[in-house]
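As stored in target-v1.cif (mmCIF, C-alpha atoms (C1' of nucleotides)):
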data_start
loop_
_atom_site.label_atom_id
_atom_site.label_comp_id
_atom_site.auth_asym_id
_atom_site.auth_seq_id
_atom_site.Cartn_x
_atom_site.Cartn_y
_atom_site.Cartn_z
CA MET A 1 0.00 0.00 0.00
CA GLY A 2 1.53 3.28 -1.01
CA GLU A 3 5.29 3.62 -0.79
CA PRO A 4 7.23 0.40 -0.79
CA GLY A 5 8.61 -0.40 2.63
CA THR A 6 5.97 1.62 4.40
CA ILE A 7 4.32 -1.54 5.60
CA CYS A 8 6.39 -4.69 5.59
CA GLY A 9 7.55 -7.61 7.69
CA ARG A 10 8.09 -7.86 11.40
CA ARG A 11 11.07 -5.80 12.57
CA ARG A 12 12.74 -4.82 15.80
CA CYS A 13 14.31 -1.58 17.02
CA LEU A 14 15.43 -0.83 20.56
CA GLY A 15 13.85 -4.06 21.71
CA LYS A 16 10.40 -3.18 20.37
CA GLU A 17 8.76 -5.42 17.81
CA TYR A 18 6.53 -3.98 15.12
CA SER A 19 5.48 -4.27 11.49
CA CYS A 20 5.26 -0.61 10.62
CA SER A 21 7.24 2.52 11.51
CA MET A 22 4.03 4.04 12.82
CA GLU A 23 3.70 1.30 15.41
CA LEU A 24 7.22 2.02 16.56
CA SER A 25 6.33 5.65 17.17
CA LEU A 26 3.25 4.68 19.13
CA ALA A 27 5.34 2.28 21.20
CA VAL A 28 7.58 5.24 22.03
CA ILE A 29 5.07 8.01 22.71
CA GLY A 30 1.99 5.88 23.45
CA GLY A 31 0.63 4.92 26.81
CA LYS A 32 -1.07 6.95 29.43
CA TRP A 33 1.71 9.25 30.57
CA LYS A 34 4.49 9.66 28.02
CA PRO A 35 2.71 12.25 25.89
CA LEU A 36 2.04 14.35 28.96
CA ILE A 37 5.63 14.16 30.14
CA LEU A 38 7.00 15.18 26.76
CA TRP A 39 4.39 17.90 26.56
CA HIS A 40 5.37 19.40 29.88
CA LEU A 41 9.02 19.42 28.84
CA ARG A 42 8.03 21.18 25.65
CA GLU A 43 8.93 24.72 26.55
CA THR A 44 11.04 24.17 29.64
CA PRO A 45 14.80 23.71 29.33
CA THR A 46 14.97 21.34 32.30
CA LEU A 47 12.56 20.08 34.93
CA ARG A 48 13.37 18.21 38.09
CA PHE A 49 11.48 15.16 39.23
CA SER A 50 9.35 16.89 41.83
CA ALA A 51 8.46 19.77 39.50
CA LEU A 52 7.45 17.34 36.80
CA ARG A 53 5.34 15.48 39.28
CA ARG A 54 3.57 18.63 40.39
CA THR A 55 2.40 19.20 36.82
CA MET A 56 0.73 15.77 36.80
CA PRO A 57 -0.98 15.36 40.16
CA ALA A 58 -2.56 12.05 39.19
CA ILE A 59 0.61 10.15 38.36
CA THR A 60 2.30 7.93 40.92
CA GLN A 61 6.04 8.05 41.57
CA LYS A 62 6.39 4.55 40.22
CA MET A 63 4.83 5.39 36.90
CA LEU A 64 6.68 8.68 36.57
CA THR A 65 10.01 7.01 37.25
CA GLN A 66 9.24 4.12 34.94
CA GLN A 67 8.08 6.25 32.05
CA LEU A 68 11.01 8.63 32.43
CA ARG A 69 13.46 5.74 32.29
CA GLU A 70 11.86 4.38 29.15
CA LEU A 71 11.90 7.78 27.50
CA GLU A 72 15.53 8.11 28.46
CA SER A 73 16.55 4.74 27.04
CA ASP A 74 14.62 5.60 23.88
CA GLY A 75 16.76 8.71 23.56
CA LEU A 76 13.92 11.20 23.91
CA LEU A 77 15.19 12.90 27.02
CA THR A 78 18.28 13.17 29.18
CA ARG A 79 18.50 12.45 32.86
CA THR A 80 21.07 14.35 34.91
CA VAL A 81 21.77 13.31 38.47
CA PHE A 82 23.36 15.81 40.85
CA ALA A 83 25.21 13.94 43.58
CA GLU A 84 24.28 16.21 46.42
CA VAL A 85 22.02 16.16 49.38
CA PRO A 86 19.15 16.45 49.05
CA PRO A 87 19.39 14.63 45.72
CA ARG A 88 18.39 16.44 42.55
CA VAL A 89 17.60 14.96 39.16
CA GLU A 90 16.84 17.03 36.10
CA TYR A 91 15.18 15.98 32.89
CA ALA A 92 15.39 17.66 29.49
CA LEU A 93 14.33 16.88 25.93
CA THR A 94 16.92 15.73 23.43
CA ASP A 95 16.84 16.81 19.79
CA LEU A 96 15.15 13.54 18.99
CA GLY A 97 12.57 14.21 21.68
CA ARG A 98 11.92 17.67 20.33
CA GLY A 99 11.01 16.05 17.03
CA ILE A 100 7.96 14.55 18.69
CA ILE A 101 6.50 17.88 19.72
CA PRO A 102 4.93 18.74 16.35
CA ILE A 103 3.18 15.38 16.40
CA LEU A 104 1.85 15.99 19.89
CA GLU A 105 0.63 19.40 18.79
CA ALA A 106 -1.14 17.78 15.85
CA LEU A 107 -2.70 15.22 18.18
CA CYS A 108 -3.80 18.03 20.45
CA ARG A 109 -5.43 19.89 17.56
CA PHE A 110 -7.20 16.77 16.41
CA GLY A 111 -8.44 16.10 19.92
CA LYS A 112 -9.92 19.58 20.05
CA GLU A 113 -11.58 19.03 16.68
CA PHE A 114 -12.99 15.87 18.14
CA GLU A 115 -14.32 17.69 21.17
CA ALA A 116 -15.82 20.38 18.98
CA ARG A 117 -17.66 17.78 16.94
CA PHE A 118 -18.98 15.58 19.73
CA GLY A 119 -19.09 17.90 22.71
CA VAL A 120 -17.27 17.75 26.02
CA GLU A 121 -18.42 17.61 29.59
CA ALA A 122 -16.74 17.65 32.97
CA ALA A 123 -15.82 14.16 34.10
CA ASP A 124 -17.67 14.69 37.37
CA ALA A 125 -20.83 15.78 35.57
CA PRO A 126 -23.81 14.96 37.82
CA ALA A 127 -25.99 13.57 35.02
CA PRO A 128 -25.19 13.46 31.31
CA ALA A 129 -28.86 14.34 30.54
CA ALA A 130 -29.38 17.52 32.53
CA ALA A 131 -27.82 20.24 30.39
CA GLU A 132 -28.41 22.06 27.09
CA ARG A 133 -30.97 21.06 24.46
CA MET B 134 1.65 25.47 30.48
CA GLY B 135 1.41 27.30 27.21
CA GLU B 136 -2.03 28.17 25.95
CA PRO B 137 -4.78 28.30 28.52
CA GLY B 138 -7.04 25.28 28.29
CA THR B 139 -4.42 23.13 26.65
CA ILE B 140 -4.06 21.13 29.82
CA CYS B 141 -6.84 21.31 32.32
CA GLY B 142 -9.22 19.28 34.43
CA ARG B 143 -10.67 15.87 33.85
CA ARG B 144 -13.15 15.83 30.95
CA ARG B 145 -15.21 13.34 29.01
CA CYS B 146 -16.06 13.00 25.32
CA LEU B 147 -17.74 10.02 23.66
CA GLY B 148 -17.42 8.08 26.89
CA LYS B 149 -13.66 8.51 27.12
CA GLU B 150 -12.15 10.24 30.13
CA TYR B 151 -9.02 12.34 29.79
CA SER B 152 -7.27 15.46 31.01
CA CYS B 153 -5.86 16.68 27.73
CA SER B 154 -7.02 16.76 24.12
CA MET B 155 -3.93 14.82 23.17
CA GLU B 156 -4.98 11.93 25.37
CA LEU B 157 -8.33 11.88 23.64
CA SER B 158 -6.65 11.49 20.28
CA LEU B 159 -4.52 8.66 21.57
CA ALA B 160 -7.62 6.97 22.96
CA VAL B 161 -9.08 7.16 19.46
CA ILE B 162 -6.13 6.11 17.31
CA GLY B 163 -4.07 4.30 19.94
CA GLY B 164 -3.84 0.59 20.51
CA LYS B 165 -2.30 -2.10 18.42
CA TRP B 166 -4.56 -2.15 15.40
CA LYS B 167 -6.42 1.11 14.86
CA PRO B 168 -3.53 2.96 13.20
CA LEU B 169 -3.06 0.08 10.77
CA ILE B 170 -6.74 -0.06 9.91
CA LEU B 171 -6.91 3.67 9.25
CA TRP B 172 -3.70 3.46 7.29
CA HIS B 173 -4.98 0.76 4.99
CA LEU B 174 -8.11 2.78 4.33
CA ARG B 175 -5.96 5.76 3.51
CA GLU B 176 -6.05 5.61 -0.28
CA THR B 177 -8.88 3.19 -0.83
CA PRO B 178 -12.43 4.46 -1.22
CA THR B 179 -13.94 1.40 0.45
CA LEU B 180 -12.68 -1.95 1.70
CA ARG B 181 -14.72 -4.95 2.70
CA PHE B 182 -14.07 -6.96 5.82
CA SER B 183 -12.20 -9.79 4.17
CA ALA B 184 -10.04 -7.46 2.09
CA LEU B 185 -9.13 -5.48 5.16
CA ARG B 186 -8.28 -8.67 6.94
CA ARG B 187 -6.02 -9.83 4.16
CA THR B 188 -3.91 -6.70 4.56
CA MET B 189 -3.33 -7.57 8.23
CA PRO B 190 -2.64 -11.29 8.38
CA ALA B 191 -1.89 -11.21 12.10
CA ILE B 192 -5.18 -9.78 13.31
CA THR B 193 -8.00 -12.04 14.51
CA GLN B 194 -11.60 -11.59 13.37
CA LYS B 195 -12.57 -10.67 16.87
CA MET B 196 -10.08 -7.83 17.14
CA LEU B 197 -10.79 -6.56 13.65
CA THR B 198 -14.52 -6.47 14.31
CA GLN B 199 -14.04 -4.86 17.70
CA GLN B 200 -11.66 -2.15 16.51
CA LEU B 201 -13.81 -1.40 13.47
CA ARG B 202 -16.85 -0.92 15.66
CA GLU B 203 -15.00 1.44 17.94
CA LEU B 204 -13.69 3.45 15.02
CA GLU B 205 -17.22 3.59 13.65
CA SER B 206 -18.75 4.81 16.89
CA ASP B 207 -15.98 7.40 17.14
CA GLY B 208 -17.01 8.67 13.73
CA LEU B 209 -13.77 7.87 11.95
CA LEU B 210 -15.22 5.46 9.44
CA THR B 211 -18.53 4.31 8.04
CA ARG B 212 -19.83 0.77 7.97
CA THR B 213 -22.17 -0.20 5.17
CA VAL B 214 -23.98 -3.52 5.29
CA PHE B 215 -25.34 -5.03 2.07
CA ALA B 216 -28.25 -7.33 2.85
CA GLU B 217 -27.38 -10.00 0.34
CA VAL B 218 -25.99 -13.47 0.29
CA PRO B 219 -23.15 -13.93 0.78
CA PRO B 220 -23.10 -10.97 3.17
CA ARG B 221 -20.94 -7.97 2.31
CA VAL B 222 -19.81 -5.16 4.59
CA GLU B 223 -17.78 -2.21 3.39
CA TYR B 224 -15.75 0.25 5.39
CA ALA B 225 -14.68 3.74 4.39
CA LEU B 226 -13.03 6.71 6.07
CA THR B 227 -15.17 9.70 7.02
CA ASP B 228 -13.94 13.28 6.70
CA LEU B 229 -13.09 13.16 10.37
CA GLY B 230 -11.15 9.96 9.83
CA ARG B 231 -9.24 11.48 6.95
CA GLY B 232 -8.09 14.19 9.34
CA ILE B 233 -6.05 11.55 11.16
CA ILE B 234 -4.02 10.58 8.13
CA PRO B 235 -1.52 13.46 8.30
CA ILE B 236 -0.83 12.53 11.92
CA LEU B 237 -0.24 8.90 10.98
CA GLU B 238 2.10 10.03 8.23
CA ALA B 239 3.99 12.15 10.73
CA LEU B 240 4.19 9.19 13.10
CA CYS B 241 5.45 7.08 10.25
CA ARG B 242 8.17 9.60 9.41
CA PHE B 243 9.22 9.84 13.01
CA GLY B 244 9.37 6.06 13.27
CA LYS B 245 11.69 5.94 10.29
CA GLU B 246 13.88 8.63 11.84
CA PHE B 247 13.97 6.46 14.92
CA GLU B 248 15.00 3.42 12.92
CA ALA B 249 17.66 5.40 11.14
CA ARG B 250 19.13 6.52 14.44
CA PHE B 251 19.07 3.24 16.32
CA GLY B 252 19.12 0.65 13.56
CA VAL B 253 16.63 -2.03 12.65
CA GLU B 254 16.80 -5.78 12.42
CA ALA B 255 14.46 -8.53 11.35
CA ALA B 256 12.31 -9.72 14.23
CA ASP B 257 13.43 -13.29 13.60
CA ALA B 258 17.08 -12.38 13.95
CA PRO B 259 18.92 -15.49 15.17
CA ALA B 260 20.77 -13.85 18.06
CA PRO B 261 20.94 -10.15 18.99
CA ALA B 262 24.56 -10.66 20.13
CA ALA B 263 26.10 -12.32 17.10
CA ALA B 264 26.50 -9.41 14.72
CA GLU B 265 28.73 -6.33 14.44
CA ARG B 266 31.04 -4.95 17.12
"C1'" DC C 267 14.27 14.16 47.43
"C1'" DC C 268 14.31 10.52 44.25
"C1'" DG C 269 13.78 6.49 43.72
"C1'" DA C 270 13.30 0.59 44.06
"C1'" DA C 271 10.47 -3.41 45.26
"C1'" DT C 272 6.37 -5.84 45.90
"C1'" DC C 273 1.56 -6.95 45.58
"C1'" DC C 274 -2.61 -6.73 43.06
"C1'" DG C 275 -6.72 -5.57 40.12
"C1'" DA C 276 -8.29 -4.35 35.40
"C1'" DC C 277 -8.45 -5.09 30.70
"C1'" DG C 278 -6.20 -5.39 26.06
"C1'" DC C 279 -5.56 -8.90 23.21
"C1'" DG C 280 -5.45 -13.67 21.44
"C1'" DA C 281 -7.24 -18.73 20.52
"C1'" DT C 282 -10.99 -21.34 19.61
"C1'" DA C 283 -15.64 -22.60 18.60
"C1'" DC C 284 -20.29 -21.53 16.97
"C1'" DT C 285 -24.07 -18.82 13.90
"C1'" DG C 286 -27.17 -16.35 10.19
"C1'" DC D 287 -18.79 -13.90 4.41
"C1'" DA D 288 -19.01 -11.54 8.45
"C1'" DG D 289 -19.67 -11.80 12.37
"C1'" DT D 290 -20.85 -13.35 18.01
"C1'" DA D 291 -19.52 -16.08 22.51
"C1'" DT D 292 -16.41 -17.85 25.79
"C1'" DC D 293 -12.12 -18.50 27.91
"C1'" DG D 294 -7.63 -17.15 29.56
"C1'" DC D 295 -3.13 -15.12 29.60
"C1'" DG D 296 0.02 -11.21 29.82
"C1'" DT D 297 0.82 -6.55 30.44
"C1'" DC D 298 -0.41 -1.84 32.13
"C1'" DG D 299 -1.03 0.81 35.77
"C1'" DG D 300 -2.22 1.83 40.88
"C1'" DA D 301 -1.31 1.39 46.23
"C1'" DT D 302 1.87 0.71 49.48
"C1'" DT D 303 6.21 0.02 51.62
"C1'" DC D 304 11.29 0.34 51.97
"C1'" DG D 305 16.15 2.47 50.77
"C1'" DG D 306 20.18 5.79 49.69
#
Rewrite the structure from the file as structure tokens, please.
Amino acid sequence: MGEPGTICGRRRCLGKEYSCSMELSLAVIGGKWKPLILWHLRETPTLRFSALRRTMPAITQKMLTQQLRELESDGLLTRTVFAEVPPRVEYALTDLGRGIIPILEALCRFGKEFEARFGVEAADAPAPAAAER
Amino acid sequence: MGEPGTICGRRRCLGKEYSCSMELSLAVIGGKWKPLILWHLRETPTLRFSALRRTMPAITQKMLTQQLRELESDGLLTRTVFAEVPPRVEYALTDLGRGIIPILEALCRFGKEFEARFGVEAADAPAPAAAER
DNA sequence: CCGAATCCGACGCGATACTG
DNA sequence: CAGTATCGCGTCGGATTCGG
């Protein structure tokens, strides 16, 4: 379909198996938290662990640590440890990581288009049948 | 961070809960199969179930049916049933669904960039420690 | 302050069998 | 041909506790 090589056999890169470059990207930026992390690092040179965590109140330390490590080993961000007390760890996007930002922005725009078409409501809405019309 | 409203409280749209428009998009095109399905419908006006299945040998009927139904109820594609025998069902992208294509293409490009940077190998490679170096 | 380790529930996804 | 129904595993993600 389309360009040769766009879709082909089963491959592996950085330990991830896939059949299409697109799948690889989703393996890298997919999941519940990675897009948010990259997004929050979008316009900030560096962010330390606790600051990053404050921007995502719902995430647990375990998940934040885990996702950060994966993003690091995928080369999307750098992790700098300062051997001092109290400990300090700073995270920053790499050039490769910055390449994801336009995609996230596109996803964001599409999401808004989606909301515009189907409507949005607060997640704690009392009853989905008590407004408008 | 950035534009007001870009990241805010917990919302709901089409039954999906999220805190960011980006998450909504990932809920819609994420997962193992949806990107592939949309991709295969990219340049084809319509595809019937069996044809679609032939393009993705690894998918099971159950998953294909399930993912197609979700994409339909999210308004990304249409499902047309022909009441004849043998039965025939055709799927086609909607305008909304076509809006996803540029994002998938961007994901595809990024995936290739990724491969170029880290290298690719066949998934059935005999041993990951018997080449180069 | 920044993690690692463990336990555990939820569900995405697959294999198989059956139906109009 | 194009589905449903049932079963079960493996992984994702959350709660909690411990360590440097």
request  = Using all atoms listed in the file, collect all residues at a distance of at most 12 Å from (-11.4, 3.6, 17.5) as written in the file, then present them as a count of residues only.
outcome  = 36
Once the PyMOL selection byres ((chain A) within 7 of (chain C)) has been evaluated on this model, what residues remain selected, and can you format them as a compact mmCIF listing (two decimals) with C-alpha atoms, keeping the file's coordinate frame?
# COMPACT_ATOMS: atom_id res chain seq x y z
CA PRO A 86 19.15 16.45 49.05
CA PRO A 87 19.39 14.63 45.72
CA ARG A 88 18.39 16.44 42.55
query = Mind pulling up the distance from atom CA of A:Thr44 to atom CA of A:Val120?
reply =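 So the two atoms, atom CA of A:Val120 and atom CA of A:Thr44, lie 29.3 Å apart.
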Given the file above and the PyMOL selection byres ((chain A) within 7 of (chain B)), which residues are selected, and can you give them as an mmCIF file with C-alpha atoms, in the coordinates of the input?
data_model
loop_
_atom_site.group_PDB
_atom_site.id
_atom_site.type_symbol
_atom_site.label_atom_id
_atom_site.label_comp_id
_atom_site.auth_asym_id
_atom_site.auth_seq_id
_atom_site.Cartn_x
_atom_site.Cartn_y
_atom_site.Cartn_z
ATOM 1 C CA ARG A 10 8.090 -7.860 11.400
ATOM 2 C CA ARG A 11 11.070 -5.800 12.570
ATOM 3 C CA ARG A 12 12.740 -4.820 15.800
ATOM 4 C CA CYS A 13 14.310 -1.580 17.020
ATOM 5 C CA LEU A 14 15.430 -0.830 20.560
ATOM 6 C CA GLU A 17 8.760 -5.420 17.810
ATOM 7 C CA SER A 21 7.240 2.520 11.510
ATOM 8 C CA MET A 22 4.030 4.040 12.820
ATOM 9 C CA LEU A 24 7.220 2.020 16.560
ATOM 10 C CA SER A 25 6.330 5.650 17.170
ATOM 11 C CA ILE A 103 3.180 15.380 16.400
ATOM 12 C CA LEU A 104 1.850 15.990 19.890
ATOM 13 C CA ALA A 106 -1.140 17.780 15.850
ATOM 14 C CA LEU A 107 -2.700 15.220 18.180
ATOM 15 C CA CYS A 108 -3.800 18.030 20.450
ATOM 16 C CA PHE A 110 -7.200 16.770 16.410
ATOM 17 C CA GLY A 111 -8.440 16.100 19.920
ATOM 18 C CA LYS A 112 -9.920 19.580 20.050
ATOM 19 C CA GLU A 115 -14.320 17.690 21.170
ATOM 20 C CA PHE A 118 -18.980 15.580 19.730
ATOM 21 C CA GLY A 119 -19.090 17.900 22.710
ATOM 22 C CA VAL A 120 -17.270 17.750 26.020
ATOM 23 C CA GLU A 121 -18.420 17.610 29.590
ATOM 24 C CA ALA A 122 -16.740 17.650 32.970
ATOM 25 C CA ALA A 123 -15.820 14.160 34.100
#
message = Report, in Å with one decimal, the straight-line distance from atom CA of A:Arg48 to atom C1' of D:DG299.
response =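 Those two atoms sit 22.7 Å apart.
Residues from chain D found within 8 Å of chain B are DC287, DA288 and DG289 of chain D, counting only C-alpha atoms (C1' of nucleotides).
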task = Have a look at atom CA of B:Ile234 and atom C1' of D:DT297 and let me know their distance in Å, one decimal.
result = 28.5 Å
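When only C-alpha atoms (C1' of nucleotides) are used to measure the gap to D:DT302, the shortest distance among A:Thr46, A:Arg53, A:Thr60, A:Arg79 belongs to A:Thr60.
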